[in-house]
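Structure, as structure tokens:
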Protein chains: 4
Amino acid sequence: MYPPSIQKLIDLFSKFPTVGPRTAARFVFYLMKISKEEIEELINSISNLKKTVKICSFCFNPFEGEAELCPICADSSRDRALLCVIEKETDLITLEKTKKYKGLYFILGGTVSTFKKKDVEKLRTKELKERIETHPEIKEIIIATNSTTEGEATALYLERLLKKNLPAGRQVTRLGRGLPVGAELEYADEETLGSALESRK
Amino acid sequence: MYPPSIQKLIDLFSKFPTVGPRTAARFVFYLMKISKEEIEELINSISNLKKTVKICSFCFNPFEGEAELCPICADSSRDRALLCVIEKETDLITLEKTKKYKGLYFILGGTVSTFKKKDVEKLRTKELKERIETHPEIKEIIIATNSTTEGEATALYLERLLKKNLPAGRQVTRLGRGLPVGAELEYADEETLGSALESRK
Amino acid sequence: MYPPSIQKLIDLFSKFPTVGPRTAARFVFYLMKISKEEIEELINSISNLKKTVKICSFCFNPFEGEAELCPICADSSRDRALLCVIEKETDLITLEKTKKYKGLYFILGGTVSTFKKKDVEKLRTKELKERIETHPEIKEIIIATNSTTEGEATALYLERLLKKNLPAGRQVTRLGRGLPVGAELEYADEETLGSALESRK
Amino acid sequence: MYPPSIQKLIDLFSKFPTVGPRTAARFVFYLMKISKEEIEELINSISNLKKTVKICSFCFNPFEGEAELCPICADSSRDRALLCVIEKETDLITLEKTKKYKGLYFILGGTVSTFKKKDVEKLRTKELKERIETHPEIKEIIIATNSTTEGEATALYLERLLKKNLPAGRQVTRLGRGLPVGAELEYADEETLGSALESRK
């Protein structure tokens, strides 16, 4: 129904996360309204992305610059005894905003819902094991996946994997469960409430 | 917190309709994951958009081709006595999907919430008046704005504008109000329900 | 887990429309907090309900008083040529609030999702047919069920039933479909939008 | 618009927690439909409530029977060193369902949003202080209010009140904060996430 070049772009935008065909169409009509200069700015920014942005060789965090390591991994004031394993890049930003964590990160690159080889291979588990083995200064690996079903399955898989042959003096931990800000007891599930009771202080 | 070239692209995507900074960040990380070929395909599609897509000289609908008029306006089987005035491009697609309308369209290009000159000038009212004056075959102008506050204000403004000096044999109409599919009387507002009663059949 | 007399009352309140066990429990604790006088007032009101409230012998609307007919049916200024068939008592109030309807009502007492005899028998169809047959002054029967799936099925059933052998000069109508107040074209389904186009004015 | 005895009952039901006039009307029409026997069963249950249900002299939990204490307070297997302070009766049920808590309870009877005398006096703080003073076996007081704004304000008030002159060997604790089951890091607020990091294990 749309002309081919509009439909083509709708299809491409529809692959973006959270975007359906209706929103994709609105994106295209937005692009048709903005100026040539703005279009060029967008195209240049997309085109430069892969050129200027590098992936940190330790944690897989994207960054810019000449270095091998991202600013967090290169920051000598960070606590190298802590390694926080997260699902994706935005989780790093979310955790940094809390200002409560001073260790390093490792971006796993996804989650699994099953332990099938084919699924598990999409995660950076080989790289994670290698980092832990070659960095004896890491004393605690914090698995900070979501507490969704997929996040839990992934955490369980990682726990099994990492606890096997774990040298003395190193531990694998998980984020604490409990009542979030704003929650009412009445609507909390039993597991959350049980954790909130156990972790009282 | 993000490297500059990522932040720049987050800012550009945040200007897209319905996109906030969090979604914009997900877009950027999506782009970082896809292949060079896919990036190029996206860039080419965006870049070609303004080159291949023309705006119909009658209805302002975007289309491709050598012609002056879009396929709908050029289609001799459409009923030239009907002109449906809509807010934006996607509304045309929405109405076409109903397969209940066989007339022509006119894309107004927006809505107004006030009748201030500065607001009203953003709409293509001059062009709309010109179309009606130079096309005596148009017998009915259907104002098909949303029934939101802004859409209603715009419809009211257009009605006043078009009904002034309207030649005999021409009329200005509005979309019918009533109960939508799935609605319960109990939750319908009084105006909707009153219209549903009046337009019973 | 609750003491028996509390659990008993929770069970009874759980049968109320829209009430689940959690809300029912809150009702019981509310009752435990209010004064003896308030409890008595509630009990008396419930107990008086069936004593003081009668059901109109024409339309099944509940009312108080010595009369046979409810105030609406007894009101000589109402238009006796119109009979509006509604699902339930609250729909009558909803329609009265629009101040757009001046005819009489008939409360059907429910909806059906199938045309099975067992389901259809729960509706007051026999009484409805009887009203229409014995009141030749009724010229239009307006079926004003919800436009939900169940409401539509019920309307379809009634239409078939009433149109069979319908004397000349009498008609069966339905509430008009269209865009409700506040709706956007973009999110309207095709049927609603098609009706809005057809009922334009 | 409704007859007085219906309107009266709508007004009374509208005072029930979470019930508005529309739901209250549905309750009344539900009562009009059920049998005389069912009405009587409801009236008897409401009327018996205050007669058969007693309030526990220790924890304010409602129960039935001859005893002074509710089944939980009377249960010799419960851990008398723990006292869990909760807002309302249903929170007790919610916590019992987790099967993770084996101590006693104290129902505070509400929350405060300010520390004004008039507000604070609605809570059973005097009784709470008395329980703690006369029961030296209580070693830990767990404040288990909601983590809503009001729940937090109440917890803060209680902490200040109870920690003043708290004898050695007794402590006041709070439920643990953290990620609830099903939560995603991305949508967690910074305080919740910070707590989840701190309480990792």
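Residues are named by chain letter and number: chains run A, B, ... in the order of the structure tokens, numbers start at 1 in each chain, and ligands are numbered from 1 in the order shown.
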Do a neighbour search on Leu12 of chain D at 10 Å with only C-alpha atoms, toss out local chain neighbours closer than 6 positions, and write the hits as a PDB file with C-alpha atoms, in the first residue's frame.
ATOM      1  CA  GLU C  38     -23.308   1.347  60.699  1.00  0.00           C
ATOM      2  CA  ILE C  39     -23.481  -2.452  60.552  1.00  0.00           C
ATOM      3  CA  GLU C  41     -27.812   0.358  58.832  1.00  0.00           C
ATOM      4  CA  LEU C  42     -26.209  -1.879  56.205  1.00  0.00           C
ATOM      5  CA  SER C  45     -30.775  -1.653  53.875  1.00  0.00           C
ATOM      6  CA  ILE C  46     -30.004  -5.084  52.452  1.00  0.00           C
TER       7      ILE C  46
ATOM      8  CA  ILE D   6     -31.444   1.308  46.087  1.00  0.00           C
ATOM      9  CA  VAL D  19     -15.796   0.392  45.646  1.00  0.00           C
ATOM     10  CA  PRO D  21     -20.776   4.156  42.824  1.00  0.00           C
ATOM     11  CA  ALA D  24     -21.879  -0.365  44.249  1.00  0.00           C
TER      12      ALA D  24
END
Can you check which parts of chain B lie within 8 Å of chain A? Per residue, the shortest pair of atoms and distance in Å to one decimal, counting only C-alpha atoms, sorted by chain and number, as JSON lines.
{"residue": "B:Met1", "atom": "CA", "partner": "A:Ile93", "partner_atom": "CA", "distance": 7.3}
{"residue": "B:Tyr2", "atom": "CA", "partner": "A:Phe63", "partner_atom": "CA", "distance": 7.6}
{"residue": "B:Pro3", "atom": "CA", "partner": "A:Phe63", "partner_atom": "CA", "distance": 5.5}
{"residue": "B:Pro4", "atom": "CA", "partner": "A:Glu64", "partner_atom": "CA", "distance": 7.7}
{"residue": "B:Ser5", "atom": "CA", "partner": "A:Leu49", "partner_atom": "CA", "distance": 6.4}
{"residue": "B:Ile6", "atom": "CA", "partner": "A:Leu49", "partner_atom": "CA", "distance": 6.9}
{"residue": "B:Lys8", "atom": "CA", "partner": "A:Ser45", "partner_atom": "CA", "distance": 7.2}
{"residue": "B:Leu9", "atom": "CA", "partner": "A:Ser45", "partner_atom": "CA", "distance": 5.9}
{"residue": "B:Leu12", "atom": "CA", "partner": "A:Leu42", "partner_atom": "CA", "distance": 6.7}
{"residue": "B:Phe16", "atom": "CA", "partner": "A:Phe27", "partner_atom": "CA", "distance": 6.2}
{"residue": "B:Pro17", "atom": "CA", "partner": "A:Phe27", "partner_atom": "CA", "distance": 6.5}
{"residue": "B:Thr18", "atom": "CA", "partner": "A:Thr23", "partner_atom": "CA", "distance": 7.8}
{"residue": "B:Thr23", "atom": "CA", "partner": "A:Thr18", "partner_atom": "CA", "distance": 7.8}
{"residue": "B:Ala25", "atom": "CA", "partner": "A:Thr90", "partner_atom": "CA", "distance": 7.4}
{"residue": "B:Arg26", "atom": "CA", "partner": "A:Pro17", "partner_atom": "CA", "distance": 6.8}
{"residue": "B:Phe27", "atom": "CA", "partner": "A:Phe16", "partner_atom": "CA", "distance": 6.2}
{"residue": "B:Phe29", "atom": "CA", "partner": "A:Glu89", "partner_atom": "CA", "distance": 7.5}
{"residue": "B:Tyr30", "atom": "CA", "partner": "A:Phe16", "partner_atom": "CA", "distance": 6.8}
{"residue": "B:Leu31", "atom": "CA", "partner": "A:Ile46", "partner_atom": "CA", "distance": 7.9}
{"residue": "B:Met32", "atom": "CA", "partner": "A:Lys50", "partner_atom": "CA", "distance": 6.6}
{"residue": "B:Ile39", "atom": "CA", "partner": "A:Ser47", "partner_atom": "CA", "distance": 7.4}
{"residue": "B:Glu40", "atom": "CA", "partner": "A:Ser47", "partner_atom": "CA", "distance": 7.8}
{"residue": "B:Leu42", "atom": "CA", "partner": "A:Leu12", "partner_atom": "CA", "distance": 6.7}
{"residue": "B:Ile43", "atom": "CA", "partner": "A:Ile43", "partner_atom": "CA", "distance": 5.9}
{"residue": "B:Ser45", "atom": "CA", "partner": "A:Leu9", "partner_atom": "CA", "distance": 5.9}
{"residue": "B:Ile46", "atom": "CA", "partner": "A:Leu9", "partner_atom": "CA", "distance": 7.0}
{"residue": "B:Ser47", "atom": "CA", "partner": "A:Ile39", "partner_atom": "CA", "distance": 7.4}
{"residue": "B:Asn48", "atom": "CA", "partner": "A:Ser5", "partner_atom": "CA", "distance": 7.6}
{"residue": "B:Leu49", "atom": "CA", "partner": "A:Ser5", "partner_atom": "CA", "distance": 6.4}
{"residue": "B:Lys50", "atom": "CA", "partner": "A:Met32", "partner_atom": "CA", "distance": 6.6}
{"residue": "B:Thr52", "atom": "CA", "partner": "A:Ser5", "partner_atom": "CA", "distance": 7.2}
{"residue": "B:Val53", "atom": "CA", "partner": "A:Ser5", "partner_atom": "CA", "distance": 7.3}
{"residue": "B:Pro62", "atom": "CA", "partner": "A:Pro3", "partner_atom": "CA", "distance": 7.8}
{"residue": "B:Phe63", "atom": "CA", "partner": "A:Pro3", "partner_atom": "CA", "distance": 5.5}
{"residue": "B:Glu64", "atom": "CA", "partner": "A:Pro3", "partner_atom": "CA", "distance": 5.9}
{"residue": "B:Glu89", "atom": "CA", "partner": "A:Phe29", "partner_atom": "CA", "distance": 7.5}
{"residue": "B:Thr90", "atom": "CA", "partner": "A:Ala25", "partner_atom": "CA", "distance": 7.3}
{"residue": "B:Ile93", "atom": "CA", "partner": "A:Met1", "partner_atom": "CA", "distance": 7.3}
Exercise for the section: Report as a ChimeraX atom specification: the residues of chain A with a DSSP assignment of strand (DSSP E or B), based on the backbone of this structure. Expected result: /A:53-55,62-64,79-86,103-107,140-143,171-174,177,179
Problem - Distance in Å - atom CA of Val120 of chain A versus atom CA of Lys102 of chain A - result: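 One can read the atom CA of Val120 of chain A to atom CA of Lys102 of chain A distance as 28.5 Å.
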Exercise for the section: Apply DSSP to the structure's backbone, then extract all residues of segment 85-156 of chain D labelled alpha helix (DSSP H) and return them as JSON, numbers by chain. Expected result: {"D": [89, 90, 91, 92, 93, 94, 95, 96, 97, 98, 117, 118, 119, 120, 125, 126, 127, 128, 129, 130, 131, 132, 133, 134, 149, 150, 151, 152, 153, 154, 155, 156]}
Restricted to C-alpha atoms, what would the selected residues look like written as a PDB file, in the first residue's frame?
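This went into again-v4.pdb:
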ATOM      1  CA  GLU D  89      -4.807  -7.831  59.079  1.00  0.00           C
ATOM      2  CA  THR D  90      -4.396  -9.054  55.487  1.00  0.00           C
ATOM      3  CA  ASP D  91      -0.618  -8.495  55.682  1.00  0.00           C
ATOM      4  CA  LEU D  92      -0.515 -11.172  58.388  1.00  0.00           C
ATOM      5  CA  ILE D  93      -2.123 -13.664  56.019  1.00  0.00           C
ATOM      6  CA  THR D  94       0.254 -12.632  53.237  1.00  0.00           C
ATOM      7  CA  LEU D  95       3.296 -13.199  55.465  1.00  0.00           C
ATOM      8  CA  GLU D  96       1.985 -16.492  56.832  1.00  0.00           C
ATOM      9  CA  LYS D  97       1.630 -17.773  53.277  1.00  0.00           C
ATOM     10  CA  THR D  98       5.381 -17.401  52.702  1.00  0.00           C
ATOM     11  CA  LYS D 117       0.260  13.886  66.694  1.00  0.00           C
ATOM     12  CA  LYS D 118      -3.266  13.558  65.371  1.00  0.00           C
ATOM     13  CA  ASP D 119      -2.123  11.126  62.640  1.00  0.00           C
ATOM     14  CA  VAL D 120       0.250   9.132  64.779  1.00  0.00           C
ATOM     15  CA  THR D 125       2.036   2.701  69.047  1.00  0.00           C
ATOM     16  CA  LYS D 126       1.221   2.875  72.754  1.00  0.00           C
ATOM     17  CA  GLU D 127       0.180  -0.782  72.716  1.00  0.00           C
ATOM     18  CA  LEU D 128       3.249  -1.716  70.693  1.00  0.00           C
ATOM     19  CA  LYS D 129       5.594  -0.041  73.184  1.00  0.00           C
ATOM     20  CA  GLU D 130       3.774  -1.719  76.047  1.00  0.00           C
ATOM     21  CA  ARG D 131       4.104  -5.172  74.407  1.00  0.00           C
ATOM     22  CA  ILE D 132       7.832  -4.691  73.946  1.00  0.00           C
ATOM     23  CA  GLU D 133       8.391  -3.419  77.499  1.00  0.00           C
ATOM     24  CA  THR D 134       6.417  -6.195  79.177  1.00  0.00           C
ATOM     25  CA  THR D 149       5.744   6.477  50.763  1.00  0.00           C
ATOM     26  CA  GLU D 150       3.282   6.082  53.631  1.00  0.00           C
ATOM     27  CA  GLY D 151       4.712   2.732  54.677  1.00  0.00           C
ATOM     28  CA  GLU D 152       8.217   4.203  54.692  1.00  0.00           C
ATOM     29  CA  ALA D 153       7.155   7.224  56.736  1.00  0.00           C
ATOM     30  CA  THR D 154       5.499   4.921  59.248  1.00  0.00           C
ATOM     31  CA  ALA D 155       8.573   2.685  59.422  1.00  0.00           C
ATOM     32  CA  LEU D 156      10.788   5.717  59.991  1.00  0.00           C
TER      33      LEU D 156
END
Exercise for the section: Work out how far atom CA of Thr148 of chain B is from atom CA of Ala81 of chain B, in Å to one decimal. Expected result: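 Computed distance, atom CA of Ala81 of chain B to atom CA of Thr148 of chain B, equals 27.2 Å.
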